[in-house]
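S.K.: If it helps, the file is called work.txt and holds compact mmCIF, C-alpha atoms:
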# COMPACT_ATOMS: atom_id res chain seq x y z
CA MET B 1 4.63 35.82 16.34
CA PRO B 2 3.58 32.29 15.24
CA LYS B 3 1.01 30.59 17.43
CA ARG B 4 2.40 27.81 19.61
CA ILE B 5 0.19 24.72 19.86
CA ASN B 6 1.66 21.54 21.26
CA ASP B 7 -1.30 19.25 20.50
CA THR B 8 -0.64 17.75 17.04
CA GLY B 9 -4.29 16.86 16.45
CA LEU B 10 -5.44 20.35 17.39
CA ARG B 11 -2.82 21.93 15.14
CA ARG B 12 -3.96 19.81 12.20
CA GLN B 13 -7.58 20.80 12.81
CA ARG B 14 -6.69 24.48 12.96
CA ILE B 15 -4.65 24.25 9.77
CA LEU B 16 -7.53 22.53 7.97
CA LYS B 17 -9.95 25.19 9.17
CA SER B 18 -7.68 27.97 7.93
CA ALA B 19 -7.00 26.15 4.65
CA ARG B 20 -10.70 25.64 4.01
CA LYS B 21 -11.35 29.36 4.56
CA VAL B 22 -8.57 30.36 2.17
CA PHE B 23 -9.56 27.80 -0.48
CA LEU B 24 -13.16 29.03 -0.41
CA GLU B 25 -12.02 32.63 -0.74
CA LYS B 26 -9.40 32.16 -3.46
CA GLY B 27 -10.06 28.75 -5.01
CA PHE B 28 -7.55 25.92 -5.24
CA HIS B 29 -5.32 27.57 -7.85
CA GLY B 30 -5.54 31.06 -6.37
CA ALA B 31 -4.60 29.97 -2.85
CA THR B 32 -1.00 29.42 -1.76
CA ILE B 33 0.64 27.73 1.20
CA ASP B 34 1.80 31.20 2.27
CA ASP B 35 -1.81 32.44 2.28
CA ILE B 36 -2.83 29.56 4.52
CA ALA B 37 0.14 30.13 6.83
CA ILE B 38 -0.79 33.80 7.19
CA GLU B 39 -4.42 32.90 7.93
CA GLU B 40 -3.31 30.39 10.57
CA GLY B 41 -0.69 32.75 12.01
CA VAL B 42 2.25 30.41 11.52
CA VAL B 43 5.25 30.16 9.22
CA ARG B 44 5.11 28.34 5.90
CA GLY B 45 7.27 25.51 7.25
CA THR B 46 4.68 24.67 9.92
CA ILE B 47 2.01 24.04 7.27
CA LEU B 48 4.38 21.91 5.20
CA HIS B 49 5.40 19.93 8.29
CA TYR B 50 1.85 18.58 8.54
CA TYR B 51 0.86 18.62 4.86
CA LYS B 52 3.66 18.25 2.31
CA SER B 53 1.84 19.97 -0.55
CA LYS B 54 -1.19 22.08 -1.38
CA LYS B 55 -2.73 19.07 -3.11
CA LEU B 56 -2.48 16.91 0.03
CA LEU B 57 -3.87 19.76 2.08
CA MET B 58 -6.88 20.09 -0.21
CA GLU B 59 -7.49 16.33 -0.01
CA ALA B 60 -7.41 16.56 3.78
CA VAL B 61 -9.91 19.44 3.75
CA LEU B 62 -12.33 17.49 1.56
CA GLU B 63 -11.91 14.35 3.67
CA GLU B 64 -12.64 16.35 6.80
CA ASP B 65 -15.87 17.62 5.22
CA ASP B 66 -16.93 14.06 4.48
CA LYS B 67 -16.20 12.96 8.05
CA GLU B 68 -18.93 15.30 9.31
CA TRP B 69 -21.52 12.94 7.84
CA GLU B 70 -20.01 9.67 9.06
CA PRO B 71 -21.30 9.88 12.67
CA LEU B 72 -24.83 10.49 11.37
CA VAL B 73 -24.69 7.43 9.13
CA THR B 74 -23.15 5.30 11.87
CA ASP B 75 -25.87 6.40 14.29
CA LEU B 76 -28.58 5.39 11.82
CA ILE B 77 -26.98 2.00 11.21
CA ASN B 78 -27.03 1.35 14.96
CA ARG B 79 -30.65 2.44 15.49
CA HIS B 80 -31.89 -1.14 15.65
CA GLU B 81 -35.35 -0.11 16.88
CA ILE B 82 -36.00 1.39 13.42
CA ALA B 83 -36.86 -0.90 10.50
CA VAL B 84 -33.88 -1.53 8.22
CA SER B 85 -35.73 -0.24 5.14
CA ASP B 86 -36.51 3.00 6.98
CA ARG B 87 -32.87 3.39 7.99
CA ILE B 88 -31.76 2.85 4.40
CA ASP B 89 -34.25 5.52 3.33
CA LYS B 90 -32.81 7.97 5.86
CA ILE B 91 -29.23 7.15 4.88
CA PHE B 92 -29.98 7.89 1.23
CA ALA B 93 -31.55 11.19 2.32
CA LEU B 94 -28.30 12.02 4.13
CA CYS B 95 -26.31 11.06 1.05
CA GLU B 96 -28.44 13.36 -1.07
CA ALA B 97 -27.91 16.31 1.28
CA CYS B 98 -24.18 15.58 1.47
CA PHE B 99 -23.65 15.31 -2.27
CA VAL B 100 -25.77 18.38 -3.08
CA ASN B 101 -23.71 20.41 -0.61
CA GLU B 102 -20.53 18.91 -2.05
CA LYS B 103 -21.41 19.98 -5.60
CA LYS B 104 -22.01 23.56 -4.48
CA GLU B 105 -18.75 23.78 -2.56
CA THR B 106 -16.49 22.20 -5.15
CA GLY B 107 -17.84 24.64 -7.71
CA VAL B 108 -16.27 27.40 -5.61
CA LEU B 109 -13.04 25.54 -4.86
CA PHE B 110 -12.20 24.53 -8.42
CA GLU B 111 -12.42 26.21 -11.80
CA LYS B 112 -11.97 23.02 -13.84
CA LYS B 113 -14.38 20.09 -13.56
CA GLU B 114 -11.55 17.63 -14.18
CA GLU B 115 -9.89 18.76 -10.97
CA VAL B 116 -13.11 18.32 -9.02
CA ARG B 117 -13.38 14.73 -10.21
CA PHE B 118 -9.73 13.99 -9.47
CA PHE B 119 -9.86 15.12 -5.85
CA ARG B 120 -13.31 13.73 -5.13
CA ASP B 121 -12.51 10.39 -6.74
CA GLN B 122 -9.57 9.92 -4.37
CA ILE B 123 -11.88 10.36 -1.40
CA ARG B 124 -14.75 8.34 -2.84
CA LEU B 125 -12.46 5.37 -3.32
CA LYS B 126 -11.61 5.45 0.38
CA ASN B 127 -15.24 5.91 1.39
CA TYR B 128 -16.59 3.25 -0.96
CA TYR B 129 -15.32 0.28 1.04
CA ARG B 130 -16.34 1.78 4.38
CA GLN B 131 -19.86 2.63 3.24
CA THR B 132 -20.27 -0.74 1.54
CA LYS B 133 -19.36 -2.46 4.80
CA GLY B 134 -22.01 -0.45 6.67
CA LEU B 135 -24.71 -1.15 4.09
CA THR B 136 -23.82 -4.85 4.08
CA ALA B 137 -24.35 -4.97 7.85
CA LEU B 138 -27.75 -3.33 7.43
CA LEU B 139 -28.84 -5.77 4.73
CA LYS B 140 -27.76 -8.74 6.83
CA GLU B 141 -29.76 -7.34 9.73
CA GLY B 142 -32.76 -7.03 7.44
CA VAL B 143 -32.42 -10.67 6.42
CA ALA B 144 -32.12 -11.81 10.05
CA ALA B 145 -35.25 -9.82 10.94
CA GLY B 146 -37.21 -11.32 8.06
CA GLU B 147 -37.57 -7.92 6.43
CA PHE B 148 -35.42 -8.77 3.39
CA THR B 149 -34.84 -11.80 1.23
CA ILE B 150 -31.28 -11.60 -0.15
CA ASP B 151 -28.96 -14.30 -1.44
CA ASN B 152 -25.80 -12.19 -1.32
CA PRO B 153 -25.93 -9.06 0.92
CA GLU B 154 -22.29 -8.20 0.19
CA LEU B 155 -22.89 -8.13 -3.55
CA GLN B 156 -26.11 -6.12 -3.22
CA ALA B 157 -24.40 -3.55 -1.00
CA ALA B 158 -21.36 -3.26 -3.27
CA SER B 159 -23.55 -2.84 -6.36
CA ALA B 160 -25.69 -0.15 -4.72
CA MET B 161 -22.71 1.83 -3.44
CA PHE B 162 -20.94 1.52 -6.79
CA ALA B 163 -24.03 3.04 -8.42
CA VAL B 164 -24.21 5.83 -5.82
CA PHE B 165 -20.57 6.83 -6.19
CA GLY B 166 -20.87 6.55 -9.96
CA ILE B 167 -23.78 8.99 -9.98
CA THR B 168 -22.09 11.50 -7.70
CA GLY B 169 -18.98 11.46 -9.87
CA THR B 170 -20.86 12.75 -12.91
CA ASP B 171 -21.61 16.32 -13.94
CA ILE B 172 -25.39 16.43 -13.48
CA SER B 173 -27.85 18.88 -11.99
CA GLU B 174 -28.99 18.70 -8.37
CA GLU B 175 -32.46 17.62 -9.47
CA GLU B 176 -31.08 14.81 -11.64
CA LEU B 177 -28.83 13.76 -8.76
CA ARG B 178 -31.86 13.45 -6.48
CA ILE B 179 -33.80 11.48 -9.07
CA GLN B 180 -30.99 9.03 -9.72
CA LEU B 181 -30.25 8.48 -6.03
CA LYS B 182 -33.93 7.75 -5.45
CA THR B 183 -33.86 5.26 -8.31
CA VAL B 184 -30.83 3.46 -6.87
CA LYS B 185 -32.50 3.27 -3.46
CA GLU B 186 -35.73 1.88 -4.89
CA GLN B 187 -33.86 -0.64 -7.00
CA LEU B 188 -31.88 -1.76 -3.95
CA LEU B 189 -34.96 -2.28 -1.81
CA ARG B 190 -36.76 -4.01 -4.65
CA SER B 191 -33.83 -6.33 -5.33
CA CYS B 192 -33.80 -7.19 -1.63
CA LYS B 193 -37.49 -8.03 -1.92
CA CYS B 194 -38.22 -5.56 0.83
CA LYS B 195 -41.53 -6.43 2.46
CA HIS B 196 -44.30 -4.06 3.43
CA LYS B 197 -45.52 -4.21 7.00
CA ASP B 198 -48.36 -6.48 5.87
CA GLY B 199 -45.78 -8.99 4.64
CA ALA B 200 -46.40 -8.40 0.91
CA PHE B 201 -43.64 -7.57 -1.54
CA PRO B 202 -43.89 -4.22 -3.41
CA LYS B 203 -44.59 -4.33 -7.13
CA SER B 204 -41.78 -3.22 -9.39
CA SER B 205 -42.31 -0.17 -11.58
CA LEU B 206 -38.71 0.25 -12.73
CA TYR B 207 -38.17 -2.83 -14.84
Just give me the structure of the file as structure tokens.

M.R.:
Amino acid sequence: MPKRINDTGLRRQRILKSARKVFLEKGFHGATIDDIAIEEGVVRGTILHYYKSKKLLMEAVLEEDDKEWEPLVTDLINRHEIAVSDRIDKIFALCEACFVNEKKETGVLFEKKEEVRFFRDQIRLKNYYRQTKGLTALLKEGVAAGEFTIDNPELQAASAMFAVFGITGTDISEEELRIQLKTVKEQLLRSCKCKHKDGAFPKSSLY
């Protein structure tokens, strides 16, 4: 007998959990709505009531995975007792861990790299503006604290996040991903004229 759950939010969460399990076991193409319904213990129509297609369901699963990292980033942004440059460093470390994990998982979910890019690009576009807003707030805080010297924090944040999402959308190794993310971070801090604790600006080694 199908499980009865009246809470819409809870039902969605349970469906996503079941869908994620099935997708990881069978891949995107191998999995069916019926498989997910069986895993969740409901009829096919219940799944389609919340998610109109397998494609939309996969997008929701991937978005849910990304949401796990958002509270961590938000917490770092709000840790005002920590220097802005240190928070940026920690945020990039989180990004690295997130994207490395993402590459491993999508390799299981999809057989074709083009499909990986299609689904991930949809989510990155949504995340780009949100993450740029958070980074902009950090850079402005750094300017107010005298830690950074920036003429246009919005532009610096947008450029950095564009580079980050560009890197993570390419087919590169985990090691190359780490190297390129580190380069973007260093370029960002250098372009902001990030000061050392002694008040001196770091020397550039990238240009």

S.K.: Please produce, as CSV, a per-residue contact table for stretch 155-188 of chain B versus stretch 84-96 of chain B (criterion: any atom at most 12 Å away, all atoms listed in the file considered), showing the nearest atom pair and its distance in Å to one decimal, sorted by chain then residue number.

M.R.:
residue,atom,partner,partner_atom,distance
B:Ala157,CA,B:Ile88,CA,11.1
B:Ala160,CA,B:Phe92,CA,10.9
B:Met161,CA,B:Phe92,CA,10.6
B:Val164,CA,B:Cys95,CA,8.9
B:Phe165,CA,B:Cys95,CA,10.2
B:Ile167,CA,B:Glu96,CA,11.0
B:Thr168,CA,B:Glu96,CA,9.4
B:Glu174,CA,B:Glu96,CA,9.1
B:Glu175,CA,B:Glu96,CA,10.2
B:Glu176,CA,B:Glu96,CA,11.0
B:Leu177,CA,B:Glu96,CA,7.7
B:Arg178,CA,B:Glu96,CA,6.4
B:Ile179,CA,B:Glu96,CA,9.8
B:Gln180,CA,B:Glu96,CA,10.0
B:Leu181,CA,B:Glu96,CA,7.2
B:Lys182,CA,B:Phe92,CA,7.8
B:Thr183,CA,B:Phe92,CA,10.6
B:Val184,CA,B:Phe92,CA,9.3
B:Lys185,CA,B:Phe92,CA,7.0
B:Glu186,CA,B:Asp89,CA,9.1
B:Leu188,CA,B:Ile88,CA,9.5

S.K.: Keeping only C-alpha atoms, take the residues you just selected and write them out as a JSON list (two decimals), in the coordinates of the input.

M.R.:
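To be explicit, this is the file written out as selection-v8.json:
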[["chain", "number", "residue", "atom", "x", "y", "z"],
["B", 157, "ALA", "CA", -24.40, -3.55, -1.00],
["B", 160, "ALA", "CA", -25.69, -0.15, -4.72],
["B", 161, "MET", "CA", -22.71, 1.83, -3.44],
["B", 164, "VAL", "CA", -24.21, 5.83, -5.82],
["B", 165, "PHE", "CA", -20.57, 6.83, -6.19],
["B", 167, "ILE", "CA", -23.78, 8.99, -9.98],
["B", 168, "THR", "CA", -22.09, 11.50, -7.70],
["B", 174, "GLU", "CA", -28.99, 18.70, -8.37],
["B", 175, "GLU", "CA", -32.46, 17.62, -9.47],
["B", 176, "GLU", "CA", -31.08, 14.81, -11.64],
["B", 177, "LEU", "CA", -28.83, 13.76, -8.76],
["B", 178, "ARG", "CA", -31.86, 13.45, -6.48],
["B", 179, "ILE", "CA", -33.80, 11.48, -9.07],
["B", 180, "GLN", "CA", -30.99, 9.03, -9.72],
["B", 181, "LEU", "CA", -30.25, 8.48, -6.03],
["B", 182, "LYS", "CA", -33.93, 7.75, -5.45],
["B", 183, "THR", "CA", -33.86, 5.26, -8.31],
["B", 184, "VAL", "CA", -30.83, 3.46, -6.87],
["B", 185, "LYS", "CA", -32.50, 3.27, -3.46],
["B", 186, "GLU", "CA", -35.73, 1.88, -4.89],
["B", 188, "LEU", "CA", -31.88, -1.76, -3.95]]

S.K.: Quick one: of B:Leu16, B:Val42, B:Cys98, B:Ala158, who's nearest to B:Leu56, counting all atoms listed in the file?

M.R.: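 Counting all atoms listed in the file, the residue closest to B:Leu56 is B:Leu16.
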
S.K.: Calculate how many Å separate atom CA of B:Lys140 from atom CA of B:Gly166, rounding to one decimal.

M.R.: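 Straight-line distance from atom CA of B:Lys140 to atom CA of B:Gly166 works out to 23.7 Å.
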
S.K.: Identify, on the basis of all atoms listed in the file, every residue whose closest approach to stretch 125-133 of chain B does not exceed 10 Å; exclude the query and any residue fewer than 3 positions from it along the same chain; express the result as an NGL selection string.

M.R.: :B and (63 or 66-67 or 70 or 73-74 or 120-122 or 136-138 or 154-162 or 164-165)

S.K.: So which residues touch stretch 149-151 of chain B within 7 Å, counting all atoms listed in the file, skipping near sequence neighbours fewer than 4 positions away, as a PyMOL selection string?

M.R.: chain B and resi 143+192-193

S.K.: Between atom CA of B:Gly146 and atom CA of B:Arg79, what is the distance, to one decimal in Å?

M.R.: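 So the two atoms, atom CA of B:Gly146 and atom CA of B:Arg79, lie 17.0 Å apart.
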
S.K.: Just to confirm, what's the straight-line distance from atom CA of B:Ser173 to atom CA of B:Phe28 in Å (one decimal)?

M.R.: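 If I compute the distance from atom CA of B:Ser173 to atom CA of B:Phe28, I get 22.5 Å.
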
S.K.: Could you check which residues have any atom within 10 Å of (-10.0, 16.4, 7.0), counting all atoms listed in the file with coordinates taken straight from the file, and then list them as a PDB file with C-alpha atoms, in the frame of the given file?

M.R.:
ATOM      1  CA  ARG B  12      -3.960  19.810  12.200  1.00  0.00           C
ATOM      2  CA  GLN B  13      -7.580  20.800  12.810  1.00  0.00           C
ATOM      3  CA  ILE B  15      -4.650  24.250   9.770  1.00  0.00           C
ATOM      4  CA  LEU B  16      -7.530  22.530   7.970  1.00  0.00           C
ATOM      5  CA  LYS B  17      -9.950  25.190   9.170  1.00  0.00           C
ATOM      6  CA  ARG B  20     -10.700  25.640   4.010  1.00  0.00           C
ATOM      7  CA  LEU B  57      -3.870  19.760   2.080  1.00  0.00           C
ATOM      8  CA  MET B  58      -6.880  20.090  -0.210  1.00  0.00           C
ATOM      9  CA  GLU B  59      -7.490  16.330  -0.010  1.00  0.00           C
ATOM     10  CA  ALA B  60      -7.410  16.560   3.780  1.00  0.00           C
ATOM     11  CA  VAL B  61      -9.910  19.440   3.750  1.00  0.00           C
ATOM     12  CA  LEU B  62     -12.330  17.490   1.560  1.00  0.00           C
ATOM     13  CA  GLU B  63     -11.910  14.350   3.670  1.00  0.00           C
ATOM     14  CA  GLU B  64     -12.640  16.350   6.800  1.00  0.00           C
ATOM     15  CA  ASP B  65     -15.870  17.620   5.220  1.00  0.00           C
ATOM     16  CA  ASP B  66     -16.930  14.060   4.480  1.00  0.00           C
ATOM     17  CA  LYS B  67     -16.200  12.960   8.050  1.00  0.00           C
ATOM     18  CA  GLU B  68     -18.930  15.300   9.310  1.00  0.00           C
TER      19      GLU B  68
END

S.K.: From the set B:Arg190, B:Ala144, B:Ile172, B:Tyr50, which residue has the shortest atom-to-atom contact distance to B:Leu10, counting all atoms listed in the file?

M.R.: B:Tyr50

S.K.: With distances taken over only C-alpha atoms, which residue among B:Arg11, B:Pro153, B:Trp69, B:Val22 lies nearest B:Glu39?

M.R.: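 That would be B:Val22, the residue with the smallest distance to B:Glu39.
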
S.K.: When you look at B:Ile36 with a cut-off of 8 Å (counting only C-alpha atoms), what residues show up, excluding the ones that are within fewer than 4 positions of it in the same chain? I need them as an MDAnalysis selection string.

M.R.: chainID B and resid 15 18:19 22 31:32 40 47

S.K.: How about saving the chosen residues, C-alpha atoms kept, as a compact mmCIF listing (two decimals), in the frame of the given file?

M.R.:
# COMPACT_ATOMS: atom_id res chain seq x y z
CA ILE B 15 -4.65 24.25 9.77
CA SER B 18 -7.68 27.97 7.93
CA ALA B 19 -7.00 26.15 4.65
CA VAL B 22 -8.57 30.36 2.17
CA ALA B 31 -4.60 29.97 -2.85
CA THR B 32 -1.00 29.42 -1.76
CA GLU B 40 -3.31 30.39 10.57
CA ILE B 47 2.01 24.04 7.27

S.K.: Which of these, B:Ala97, B:Glu141, B:Arg14, B:Lys55, has the shortest distance to B:Ile33 once you count all atoms listed in the file?

M.R.: B:Lys55

S.K.: So which one's closest to B:Thr46, B:Thr8, B:Gly142, B:Ala83, B:Asp75? Using all atoms listed in the file, please.

M.R.: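 Selected residue with least distance to B:Thr46: B:Thr8.
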